[in-house]
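Here the structure comes first, spelled out in structure tokens, and everything after it is commentary.
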Amino acid sequence: PLCIRSPLVGRKNLRQSDGLHLISDSYRFQTIWEDIMPNTLKCGSRLRLRRAAEADIDFICALQEEADNRDYIVPFSRDDHATIIAQAKAALDIIVEEREGGARVGYLHVGGLLLPSKEQEWTHVIIAKKGCGYGHEAMKLLKAWAFEDCGAHRAWLDCKDYNARALHLYESEGMVREALIRETILYRGAYENLVILGILDREYHARKRAGLEGA
């Protein structure tokens, strides 16, 4: 999906130099097409963020329930996702997918899009294909979309205090620990703590000037 090939690529008997030009032109055409498609939110070197569609609900629900994810989030129901996707105003479900081939590799949920304070809540950040650096690239794309395209002032999320891998990702991407909410979730008979992390627009732009942003 959203991978457009130039019709010239199929032409036979091309010289090698012609082929190189066509590949380059096709890549530029694909990039321009992605940028103007309304469902595409942000593109990086390997990944693309796009608005989720009804056809993505099975993928999102399955991802929430995977063993590597279910202990660390509070999942939404299928009906919740259907409503979010249908309304797509105050909150968005976002699909993270590979630009090459369009395989879905993650899902994000963003709330607070209509708040006058311009404060976004990144409720879910779930990457299915781990160990590829996709978490970092997805976070960079999410920050760029939030602060550059949406004009957000602040973004925040919460994370269970024992989710060391996620905490490392968020802090390495410039998010600051702001608070610890003690014993706020009852999960499997035990109370759990949440760490609140946030990032401000000026902090994002300082990181960008320092060359720490850009996917």
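As shown in the structure tokens, the chain order sets the letters A, B, ...; within each chain, residues go from 1, and ligands are also counted from 1 in the order they appear.
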Inset, instruction - Would you return as JSON, numbers by chain the members of segment 42-211 of chain A that DSSP assigns to alpha helix (DSSP H) on this structure's backbone? - result: {"A": [57, 58, 59, 60, 61, 62, 63, 64, 65, 78, 79, 80, 81, 82, 83, 84, 85, 86, 87, 134, 135, 136, 137, 138, 139, 140, 141, 142, 143, 144, 164, 165, 166, 167, 168, 169, 170, 171, 172, 201, 202, 203, 204, 205, 206, 207, 208, 209]}
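In this model, the gap between atom CA of Leu114 of chain A and atom CA of Arg50 of chain A comes to 18.8 Å.
Proximity to Lys89 of chain A was assessed for A:Gly101, A:Gly135, A:Gly111, A:Pro75 counting only C-alpha atoms; the smallest distance is recorded for A:Gly111.
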Inset, instruction - Determine, counting only C-alpha atoms, which protein, DNA and RNA residues have an atom within 12 Å of an atom of segment 146-151 of chain A; residues of the same chain fewer than 6 positions away are not included. Present the result as a count of residues only. - result: 30
Inset, instruction - Within segment 19-214 of chain A, find each residue whose DSSP state, derived from the backbone, is strand (DSSP E), and express the selection as a PyMOL selection string. - result: chain A and resi 40-43+47-51+92-98+104-111+119-127+154-160+176-187+190-200
All residues 8 Å or closer to segment 78-87 of chain A, only C-alpha atoms, same chain fewer than 5 positions away omitted, as a PDB file with C-alpha atoms, in the first residue's frame:
```pdb
ATOM      1  CA  ALA A  52      -5.150   3.357  10.994  1.00  0.00           C
ATOM      2  CA  ALA A  53      -8.146   2.059   9.037  1.00  0.00           C
ATOM      3  CA  GLU A  54     -10.881  -0.382   9.973  1.00  0.00           C
ATOM      4  CA  ILE A  57      -8.169  -3.378  13.906  1.00  0.00           C
ATOM      5  CA  CYS A  61      -5.845  -6.009  18.861  1.00  0.00           C
ATOM      6  CA  LEU A  92      -5.826   8.735  16.488  1.00  0.00           C
ATOM      7  CA  ASP A  93      -4.769   5.143  16.074  1.00  0.00           C
TER       8      ASP A  93
END
```
Inset, instruction - Tell me, as a list of chain:residue names, which residues lie within 8 Å of Leu108 of chain A, counting only C-alpha atoms; anything in the same chain fewer than 6 positions away does not count. - result: A:Asp93, A:Ile94, A:Ile95, A:Val96, A:Trp122, A:Thr123, A:His124, A:Val125, A:Ile126
Could you take the residues named above and write them with N, CA, C and O atoms, as a tab-separated table (two decimals), in the first residue's frame?
```tsv
chain	number	residue	atom	x	y	z
A	93	ASP	N	-5.56	6.36	16.15
A	93	ASP	CA	-4.77	5.14	16.07
A	93	ASP	C	-3.86	5.29	14.86
A	93	ASP	O	-4.32	5.66	13.77
A	94	ILE	N	-2.58	4.99	15.04
A	94	ILE	CA	-1.59	5.18	13.99
A	94	ILE	C	-0.86	3.87	13.74
A	94	ILE	O	-0.45	3.19	14.69
A	95	ILE	N	-0.71	3.52	12.48
A	95	ILE	CA	0.03	2.33	12.10
A	95	ILE	C	1.46	2.71	11.73
A	95	ILE	O	1.68	3.69	11.01
A	96	VAL	N	2.40	1.94	12.25
A	96	VAL	CA	3.81	2.06	11.85
A	96	VAL	C	4.07	0.95	10.83
A	96	VAL	O	3.84	-0.22	11.13
A	122	TRP	N	0.61	10.17	24.48
A	122	TRP	CA	0.97	9.01	23.67
A	122	TRP	C	0.67	7.76	24.49
A	122	TRP	O	1.52	7.22	25.20
A	123	THR	N	-0.57	7.30	24.38
A	123	THR	CA	-1.07	6.25	25.26
A	123	THR	C	-0.45	4.90	24.98
A	123	THR	O	-0.12	4.16	25.91
A	124	HIS	N	-0.31	4.55	23.72
A	124	HIS	CA	0.28	3.26	23.34
A	124	HIS	C	1.42	3.50	22.35
A	124	HIS	O	1.24	4.21	21.35
A	125	VAL	N	2.55	2.90	22.62
A	125	VAL	CA	3.67	2.85	21.69
A	125	VAL	C	4.11	1.39	21.65
A	125	VAL	O	4.81	0.91	22.54
A	126	ILE	N	3.68	0.67	20.61
A	126	ILE	CA	3.92	-0.78	20.55
A	126	ILE	C	4.58	-1.11	19.21
A	126	ILE	O	4.03	-0.85	18.15
```
Legend entry - For Val74 of chain A: contacts at 12 Å, only C-alpha atoms, fewer than 2 positions along chain excluded, given as a list in words: Cys61, Gln64, Glu65, Asn69, Arg70, Asp71, Tyr72, Phe76, Ser77, His109, Thr123, His124, Val125, Ile126, Asp158, Cys159, Lys160, Ile185, Leu186, Tyr187 and Leu194 of chain A
Write the residues you've just listed into a file as a tab-separated table (two decimals), in the first residue's frame, and include N, CA and C atoms for each of them.
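Produced file part27.tsv, reproduced below:
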```tsv
chain	number	residue	atom	x	y	z
A	61	CYS	N	-5.39	-5.22	17.71
A	61	CYS	CA	-5.84	-6.01	18.86
A	61	CYS	C	-4.91	-7.19	19.12
A	64	GLN	N	-1.72	-5.90	20.79
A	64	GLN	CA	-1.91	-5.60	22.21
A	64	GLN	C	-1.80	-6.85	23.08
A	65	GLU	N	-2.22	-7.99	22.55
A	65	GLU	CA	-2.29	-9.22	23.33
A	65	GLU	C	-1.05	-10.09	23.22
A	69	ASN	N	3.93	-7.72	24.95
A	69	ASN	CA	3.29	-6.40	25.09
A	69	ASN	C	2.23	-6.33	26.17
A	70	ARG	N	1.46	-7.40	26.37
A	70	ARG	CA	0.23	-7.32	27.16
A	70	ARG	C	0.46	-6.97	28.62
A	71	ASP	N	1.63	-7.29	29.19
A	71	ASP	CA	1.89	-6.98	30.59
A	71	ASP	C	2.23	-5.51	30.81
A	72	TYR	N	2.49	-4.78	29.72
A	72	TYR	CA	3.00	-3.42	29.87
A	72	TYR	C	1.99	-2.34	29.49
A	76	PHE	N	-7.04	-1.38	24.70
A	76	PHE	CA	-8.37	-0.91	24.33
A	76	PHE	C	-9.13	-2.07	23.71
A	77	SER	N	-10.44	-2.00	23.76
A	77	SER	CA	-11.27	-3.03	23.16
A	77	SER	C	-11.40	-2.80	21.65
A	109	HIS	N	-1.03	5.00	19.72
A	109	HIS	CA	-2.28	5.71	19.99
A	109	HIS	C	-1.95	7.07	20.58
A	123	THR	N	-0.57	7.30	24.38
A	123	THR	CA	-1.07	6.25	25.26
A	123	THR	C	-0.45	4.90	24.98
A	124	HIS	N	-0.31	4.55	23.72
A	124	HIS	CA	0.28	3.26	23.34
A	124	HIS	C	1.42	3.50	22.35
A	125	VAL	N	2.55	2.90	22.62
A	125	VAL	CA	3.67	2.85	21.69
A	125	VAL	C	4.11	1.39	21.65
A	126	ILE	N	3.68	0.67	20.61
A	126	ILE	CA	3.92	-0.78	20.55
A	126	ILE	C	4.58	-1.11	19.21
A	158	ASP	N	2.85	7.42	29.97
A	158	ASP	CA	3.20	6.72	31.20
A	158	ASP	C	3.73	5.34	30.86
A	159	CYS	N	4.53	4.81	31.77
A	159	CYS	CA	5.21	3.54	31.52
A	159	CYS	C	5.35	2.81	32.85
A	160	LYS	N	5.05	1.54	32.86
A	160	LYS	CA	5.23	0.77	34.09
A	160	LYS	C	6.70	0.79	34.51
A	185	ILE	N	-2.24	1.05	39.39
A	185	ILE	CA	-2.88	0.03	38.56
A	185	ILE	C	-2.90	-1.29	39.33
A	186	LEU	N	-4.06	-1.94	39.33
A	186	LEU	CA	-4.18	-3.27	39.91
A	186	LEU	C	-4.15	-4.28	38.76
A	187	TYR	N	-3.09	-5.06	38.70
A	187	TYR	CA	-2.91	-6.01	37.59
A	187	TYR	C	-2.53	-7.36	38.16
A	194	LEU	N	3.44	3.66	37.94
A	194	LEU	CA	3.62	4.23	36.61
A	194	LEU	C	4.61	5.39	36.67
```
